[in-house]
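Trainee: Sending over a structure as structure tokens; questions will come in a sec.
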Protein chains: 2
Amino acid sequence: MDLHVTLDRAAGRLAGQLADELRAAVRDGRLSPGDRLPSSRDLAGDLEVSRGVVVTAYEQLVAEGFILSRQGDGTRVAPFPAVRAPEPTSEAHRRALRFAAGTDAGPADPPGIVYDLRPGKPDLASFPRERWTAAVRDVLRELPHSALNYPDPAGVPALRTALAGHLARVRAAVTDPDEIVITAGVAQMLAVVPRILIEEGHRVLAVEDPLGHHQIPMIRATGVEMAGVPVDEEGIDVGALARTGARAVLVTPAHQFPTGVVLSPRRRAALVEWARAVDALIIEDDYDGEFRYDRDPVGCLQGLAPERVVLAGSVSKALSPALRLGWAVAPPWLAVRLRAARALHDLGSSVLDQHVLAHLIAGGDHARHLRLMRRKYRARRDAFVAALRARLPAVRIHGVSAGLHAYAELPEACEETRVVTRAAELGVAIEGVTPMRVRHPGPPAIVVGYARLTEHRLTEAVGLLASAIETA
Amino acid sequence: MDLHVTLDRAAGRLAGQLADELRAAVRDGRLSPGDRLPSSRDLAGDLEVSRGVVVTAYEQLVAEGFILSRQGDGTRVAPFPAVRAPEPTSEAHRRALRFAAGTDAGPADPPGIVYDLRPGKPDLASFPRERWTAAVRDVLRELPHSALNYPDPAGVPALRTALAGHLARVRAAVTDPDEIVITAGVAQMLAVVPRILIEEGHRVLAVEDPLGHHQIPMIRATGVEMAGVPVDEEGIDVGALARTGARAVLVTPAHQFPTGVVLSPRRRAALVEWARAVDALIIEDDYDGEFRYDRDPVGCLQGLAPERVVLAGSVSKALSPALRLGWAVAPPWLAVRLRAARALHDLGSSVLDQHVLAHLIAGGDHARHLRLMRRKYRARRDAFVAALRARLPAVRIHGVSAGLHAYAELPEACEETRVVTRAAELGVAIEGVTPMRVRHPGPPAIVVGYARLTEHRLTEAVGLLASAIETA
């Protein structure tokens with residue numbers, strides 16, 4: 001038997017090397033189940049190593065179960081082959097396979113795309129890399145050792161305190177650090193809160209229709225039933241919401257996604273009255289509430305009815321979605337539940353990132369970064385809207401001057417999917433509103449993220465987009 | 001009406017300040033629902049500001065829903081009071097409250113504790129702070145902007161590649177980066193895999209009895225039923241496992257927690273044969289597999305039967321649990337499911353931390369750190385065991401020289417809870433094995449983590465521990 005074992009004498013750890021080689025031989029089939037191995041004396045002779053090296057390697061593989069050593073039977077490869085386990089045939093598995101095939105595999109742009117105008121992503125080139133590194137250094141110089149232990153699953157106190165102040169100042173939220181739970185982005189809040197609602201006897205979660213299409217599979221996976229409620233120029237239709245019978249609703253009051261509408265004062269009042277009348281929970285997804293360009297942002301709904309609203313936000317638009325850092329400002333009972341959910345699921349978010357963000361907020365860097373980004377995004381929005389109005393006067397831009405995306409209603413004759421496909425062929429990635437609809441149809445529209453391109457490139461992209469719309 | 005409004009003229013943003021003051025007045029009850037506010041002209045006169053300031057502030061509060069402005073009715077505080085929502089009375093809520101009351105609130109030591117010998121925590125003072133900061137700087141200098149986008153929920157490729165090599169070298173695992181899913185510690189794997197098993201028709205998860213007691217509520221929360229299987233001096237009793245009827249088991253083969261036993265070669269073979277015979281999944285919690293002091297660590301079980309085993313590990317013992325970074329090396333079908341679970345739950349772990357860890361592994365820093373910590377922990381274990389043998393010859397120390405804790409069986413006459421309580425009174429925190437048992441009783445024992453104290457302080461602590469045992 002030729003085992004093709006090669007040892008690097010200069011590297012040391014000869015017994016370890018020999019064990020590695022024999023494991024590899026079993027794994028790639030040079031050694032088969034049941035095969036008898038040479039005696040330690042013979043193998044030591046062949047390899048020109050001391051017998052102790054072979055004995056140690058054999059002992060290691062016996063301990064691991066790769067080989068068996070029996071009195072009178074010598075040393076053999078363990079008698080079971082590595083067989084491939086059958087794939088599950090369940091519906092859950094088929095769903096996961098479809099999901100895997102359909103999801104964005106990560107940061108890569110779609111092939112052929114020159115102008116990525118898909119919504120939901122901030123300008124990644126503006127991430128404050130040097131300030132972040134400096135803050136890591138400062139934090140790691142000051143942090144007591146005990147802070148490197150398992151954290152409070154609700155988040156480190158320094159961040160919850162910093163956020164309480166930040167959200168009171170910037171979003172007029174009613175905040176107490178004890179009622180803030182740090183989450184892995186708004187996503188985790190969205191995965192957890194419906195499950196808590198189900199435990200509390202809910203079956204239905206009302207959502208705005210249309211809504212962010214990445215949220216649809218996340219909500220469905222919780223097991224809650226979604227009831228789509230139409231959105232008009234005042235925001236969600238609270239009368240229609242009441243008729244669903246739901247006692248929980250997910251809304252984007254500051255800047256509806258995708259339509260860009262701000263919830264009107266009348267509807268805000270009606271929504272809170274509805275929540276109080278039917279003992280409901282309002283989930284306020286404040287995904288881009290820090291970016292309003294034409295005036296001070298409208299304070300969050302949570303500030304109006306903190307006992308009825310869980311305010312969810314994140315740094316995904318302000319800094320980067322790669323940090324996976326967000327928060328939920330919850331009524332006391334729900335804060336307890338969210339904390340328990342993290343304690344039972346993942347024990348909390350990365351402590352270093354939390355301290356770094358707390359440091360940036362407390363030191364004023366975060367507010368400065370937000371001011372810088374507001375100026376940058378405002379200029380980009382203005383350039384995009386101006387170019388679109390000039391080139392495509394028939395396209396109606398909806399919503400207020402806010403956020404990182406614009407919602408543009410296409411002329412009725414346009415076929416939305418053809419516009420999206422044709423734009424992609426010309427190198428411009430955008431999204432249509434149709435995949436964002438739950439139930440209620442509506443006019444064709446596109447959703448365009450302008451945050452990542454300079455004014456000049458946005459104008460170029462609008463030129464191509466115009467061609468796509470004109471030919472579609 | 002005296003609104004007690006104070007404005008800081010030097011600070012600018014007068015309308016914003018006035019809105020903040022009026023919101024505060026509504027919140028703290030100085031303004032009640034339905035109260036009529038002064039006209040903008042009167043309030044501007046009282047405050048000695050331009051009328052435009054008051055108009056803007058009122059508009060802001062109208063937009064937010066705090067006040068209503070109606071033709072002929074002036075401006076009034078919105079007619080709904082901030083009422084406290086009722087607390088849920090569900091069993092789920094009572095459970096969460098009990099859980100909140102019972103959980104470790106974070107990094108603080110229990111009061112009065114001078115020697116913290118609770119198991120499961122590494123030496124936090126050894127965290128490589130400067131290397132971490134330097135790696136953050138290097139990573140943020142090199143990372144393309146696109147890497148700051150939403151990540152692949154299964155983990156960044158650089159880390160999965162680095163881990164594949166590391167786990168092959170250090171744990172003799174069979175690894176392919178595509179079959180590694182990054183998790184928020186072993187905890188998240190433990191929260192997710194039982195839920196996947198339930199989707200696949202499982203009802204029962206077998207566990208070692210005793211096992212880590214922090215894992216018990218996490219597993220129960222998944223809805224799976226736990227079947228405790230006794231552990232003896234060869235590890236889990238595979239015959240008893242087969243009799244549970246379970247087709248999934250959670251094991252700690254390298255160093256059973258808490259008993260410290262290594263799964264014997266015979267039992268390894270029997271466990272794999274059982275898994276193949278009944279189409280079962282083995283969950284290998286390799287929580288401290290990198291720390292073996294008397295010989296090379298036994299390779300992981302996953303290396304023997306990769307199609308049947310999901311290998312879960314983390315940096316919680318090697319670096320810090322505060323990073324919340326771990327991994328699962330899974331059979332292909334399960335890797336798909338784990339990735340989907342992250343995509344539907346939290347969209348992945350912090351990308352910067354992942355790249356930093358990848359950088360430390362790829363550059364050899366991580367291996368160097370592990371070697372340093374092995375030497376340090378070995379010295380601490382030796383000192384602890386020597387002191388215990390000298391002071392308390394009646395106490396039997398179980399298990400191999402590995403990991404960060406020791407399992408010490410007390411004389412039969414000892415009452416375990418009294419020993420734990422008495423030790424705490426003397427300033428020494430340890431844990432008893434009883435809360436770690438699922439079903440099978442056994443002799444009294446204590447579980448002692450020696451990783452965080454120097455040899456000198458360990459010897460002092462053993463002195464106090466001896467007093468506690470002698471008086472209990």
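Quick note on naming: the chains in the structure tokens go A, B, ... in the order shown, residues restart at 1 in each chain, and ligands are numbered from 1 in order of appearance.
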Taking the backbone alone, and naming residues the way the document does, which bits of region 262-321 of chain A are strand (DSSP E) by DSSP, as a list in words?
Mentor: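 Those residues are Leu281, Ile282, Ile283, Glu284, Asp285, Val309, Val310, Leu311, Ala312, Gly313 and Ser314 of chain A.
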Trainee: Write out, as a PDB file, in the first residue's frame, the residues just selected, with N, CA and C atoms.
Mentor:
ATOM      1  N   LEU A 281     -50.764  48.067  18.727  1.00  0.00           N
ATOM      2  CA  LEU A 281     -49.357  48.471  18.694  1.00  0.00           C
ATOM      3  C   LEU A 281     -49.046  49.047  17.321  1.00  0.00           C
ATOM      4  N   ILE A 282     -48.380  50.202  17.313  1.00  0.00           N
ATOM      5  CA  ILE A 282     -47.918  50.804  16.062  1.00  0.00           C
ATOM      6  C   ILE A 282     -46.411  50.596  15.971  1.00  0.00           C
ATOM      7  N   ILE A 283     -45.982  49.972  14.891  1.00  0.00           N
ATOM      8  CA  ILE A 283     -44.540  49.788  14.670  1.00  0.00           C
ATOM      9  C   ILE A 283     -44.102  50.880  13.701  1.00  0.00           C
ATOM     10  N   GLU A 284     -43.284  51.803  14.192  1.00  0.00           N
ATOM     11  CA  GLU A 284     -42.871  52.951  13.386  1.00  0.00           C
ATOM     12  C   GLU A 284     -41.469  52.682  12.831  1.00  0.00           C
ATOM     13  N   ASP A 285     -41.402  52.391  11.550  1.00  0.00           N
ATOM     14  CA  ASP A 285     -40.109  52.149  10.901  1.00  0.00           C
ATOM     15  C   ASP A 285     -39.573  53.510  10.440  1.00  0.00           C
ATOM     16  N   VAL A 309     -46.435  53.022  20.604  1.00  0.00           N
ATOM     17  CA  VAL A 309     -45.582  52.983  19.419  1.00  0.00           C
ATOM     18  C   VAL A 309     -44.225  52.382  19.777  1.00  0.00           C
ATOM     19  N   VAL A 310     -43.752  51.465  18.939  1.00  0.00           N
ATOM     20  CA  VAL A 310     -42.348  51.079  19.025  1.00  0.00           C
ATOM     21  C   VAL A 310     -41.644  51.732  17.830  1.00  0.00           C
ATOM     22  N   LEU A 311     -40.665  52.573  18.165  1.00  0.00           N
ATOM     23  CA  LEU A 311     -39.917  53.328  17.154  1.00  0.00           C
ATOM     24  C   LEU A 311     -38.665  52.528  16.802  1.00  0.00           C
ATOM     25  N   ALA A 312     -38.526  52.166  15.542  1.00  0.00           N
ATOM     26  CA  ALA A 312     -37.359  51.385  15.128  1.00  0.00           C
ATOM     27  C   ALA A 312     -36.525  52.184  14.141  1.00  0.00           C
ATOM     28  N   GLY A 313     -35.243  52.220  14.372  1.00  0.00           N
ATOM     29  CA  GLY A 313     -34.338  52.910  13.464  1.00  0.00           C
ATOM     30  C   GLY A 313     -33.004  52.197  13.423  1.00  0.00           C
ATOM     31  N   SER A 314     -32.096  52.703  12.607  1.00  0.00           N
ATOM     32  CA  SER A 314     -30.788  52.057  12.501  1.00  0.00           C
ATOM     33  C   SER A 314     -29.780  53.044  11.934  1.00  0.00           C
TER      34      SER A 314
END
Trainee: List the spatial neighbours of Ala15 (chain A) as a ChimeraX atom specification - criterion: any atom at most 8 Å away, only C-alpha atoms, same-chain residues fewer than 5 positions off excluded.
Mentor: /A:53-54,56-57
Trainee: Near Arg439 (chain B), counting only C-alpha atoms, which residues have an atom at most 9 Å away, once you skip same-chain residues fewer than 2 positions from it, shown as number ranges by chain?
Mentor: B: 209-210, 227-230, 437, 441
Trainee: With N, CA, C and O atoms retained, could you export that selection as a CSV table (one decimal), in the first residue's frame?
Mentor:
chain,number,residue,atom,x,y,z
B,209,ASP,N,-26.7,15.4,29.7
B,209,ASP,CA,-27.2,15.7,31.0
B,209,ASP,C,-26.1,15.4,32.0
B,209,ASP,O,-25.8,14.2,32.2
B,210,PRO,N,-25.4,16.4,32.6
B,210,PRO,CA,-25.7,17.8,32.6
B,210,PRO,C,-25.2,18.5,31.3
B,210,PRO,O,-24.3,18.0,30.6
B,227,ALA,N,-34.5,16.0,25.6
B,227,ALA,CA,-34.3,14.7,26.2
B,227,ALA,C,-32.9,14.7,26.8
B,227,ALA,O,-31.9,14.7,26.0
B,228,GLY,N,-32.8,14.6,28.1
B,228,GLY,CA,-31.4,14.6,28.7
B,228,GLY,C,-30.9,13.2,28.6
B,228,GLY,O,-31.6,12.2,28.9
B,229,VAL,N,-29.6,13.0,28.2
B,229,VAL,CA,-29.0,11.7,28.1
B,229,VAL,C,-27.8,11.7,29.0
B,229,VAL,O,-26.9,12.6,28.9
B,230,PRO,N,-27.7,10.7,29.8
B,230,PRO,CA,-26.6,10.7,30.8
B,230,PRO,C,-25.2,10.7,30.2
B,230,PRO,O,-25.0,10.2,29.1
B,437,ARG,N,-28.4,20.2,35.3
B,437,ARG,CA,-28.9,18.9,35.0
B,437,ARG,C,-30.3,19.0,34.4
B,437,ARG,O,-31.1,19.9,34.9
B,441,PRO,N,-30.2,12.8,38.2
B,441,PRO,CA,-29.4,13.3,39.3
B,441,PRO,C,-28.0,12.7,39.3
B,441,PRO,O,-27.7,11.8,38.5
Trainee: Just want the 12 Å neighbourhood of Pro153 (chain A), counted on only C-alpha atoms, with same-chain residues fewer than 2 positions away dropped. Output as a ChimeraX atom specification.
Mentor: /A:149-151,155-157,160,180-184,335-351,354 /B:100,103-107,184,187,321-322,324
Trainee: If we count only C-alpha atoms and set the cut-off at 12 Å, which residues sit around Ala24 (chain A), ignoring sequence neighbours fewer than 3 positions away in its own chain? Please answer as a ChimeraX atom specification.
Mentor: /A:3-6,17-21,27-32,61,66 /B:168-169,172-174,303-304
Trainee: Please identify all polymer residues within 8 Å of region 114-127 of chain A, counting only C-alpha atoms, omitting same-chain residues fewer than 6 positions from it, and present them as a list in words.
Mentor: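 The neighbour list is Ser316, Lys317, Ala318, Leu319, Ser320, Pro321, Leu404, His405, Gly427, Val428, Ala429, Ile430, Glu431, Val447, Val448, Gly449, Tyr450, Ala451, Arg452, Leu453, Arg457 and Ala461 of chain A; His145, Ser146, Leu148 and Asn149 of chain B.
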Trainee: Looking at only C-alpha atoms, which of B:His369, B:His398, B:Arg266, B:Arg247 is the one that sits closest to chain A?
Mentor: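 Result for the nearest residue to chain A: B:Arg266.
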Trainee: When you count only C-alpha atoms, which of these residues is closest to Gly239 (chain B): B:Gln215, B:Ala85, B:Pro258, B:Trp274?
Mentor: B:Trp274
Trainee: Using DSSP on the backbone coordinates, identify all residues within region 2-126 of chain B classified as helix (DSSP H, G or I); present the result as an NGL selection string.
Mentor: :B and (9-11 or 14-27 or 40-47 or 51-64 or 91-102 or 124-126)
Trainee: Could you give me, as number ranges by chain, the residues within 9 Å of Asp35 (chain A), counting only C-alpha atoms and dropping anything in the same chain fewer than 5 positions from it?
Mentor: A: 75-79
Trainee: Those selected residues, please, written with N, CA, C and O atoms and delivered as a short mmCIF file (atom, residue, chain, number, x, y, z; two decimals), in the first residue's frame.
Mentor:
data_model
loop_
_atom_site.label_atom_id
_atom_site.label_comp_id
_atom_site.auth_asym_id
_atom_site.auth_seq_id
_atom_site.Cartn_x
_atom_site.Cartn_y
_atom_site.Cartn_z
N THR A 75 -4.25 -2.28 13.09
CA THR A 75 -4.83 -0.94 13.02
C THR A 75 -5.57 -0.80 11.70
O THR A 75 -5.00 -1.02 10.64
N ARG A 76 -6.86 -0.46 11.76
CA ARG A 76 -7.67 -0.40 10.55
C ARG A 76 -8.39 0.96 10.45
O ARG A 76 -8.71 1.57 11.46
N VAL A 77 -8.68 1.33 9.21
CA VAL A 77 -9.53 2.51 9.00
C VAL A 77 -10.94 2.18 9.51
O VAL A 77 -11.42 1.06 9.30
N ALA A 78 -11.54 3.12 10.21
CA ALA A 78 -12.87 2.88 10.79
C ALA A 78 -13.85 2.44 9.71
O ALA A 78 -13.75 2.89 8.56
N PRO A 79 -14.77 1.53 10.06
CA PRO A 79 -15.53 0.82 9.04
C PRO A 79 -16.71 1.58 8.45
O PRO A 79 -17.58 0.97 7.86
#
Trainee: Report the distance between CA of Ala154 (chain A) and CA of Ala221 (chain B) in Å, rounded to one decimal place.
Mentor: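 Going from CA of Ala154 (chain A) over to CA of Ala221 (chain B), I get 17.6 Å.
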Trainee: With only C-alpha atoms as the basis for distance, which of A:Leu323, A:Leu205, A:Val272, A:Leu250 is at the shortest distance from chain B?
Mentor: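 The shortest atom-to-atom distance to chain B comes from A:Leu323.
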Trainee: From the list B:Arg267, B:Arg378, B:His359, B:Arg422, which residue is nearest Arg131 (chain B) when using only C-alpha atoms?
Mentor: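 For Arg131 (chain B), the nearest of the candidates is B:His359.
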Trainee: Restricting the calculation to only C-alpha atoms, which member of B:Ser264, B:Thr454, B:Ser69, B:Gln60 is positioned closest to Ser39 (chain B)?
Mentor: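 That would be B:Ser69, the residue with the smallest distance to Ser39 (chain B).
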Trainee: Please, what distance in Å, to one decimal, runs between CA of Glu273 (chain B) and CA of Thr252 (chain B)?
Mentor: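 Straight-line distance from CA of Glu273 (chain B) to CA of Thr252 (chain B) works out to 17.3 Å.
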Trainee: May I ask for the distance between CA of Val224 (chain A) and CA of Glu200 (chain A), given in Å to one decimal place?
Mentor: 11.8 Å
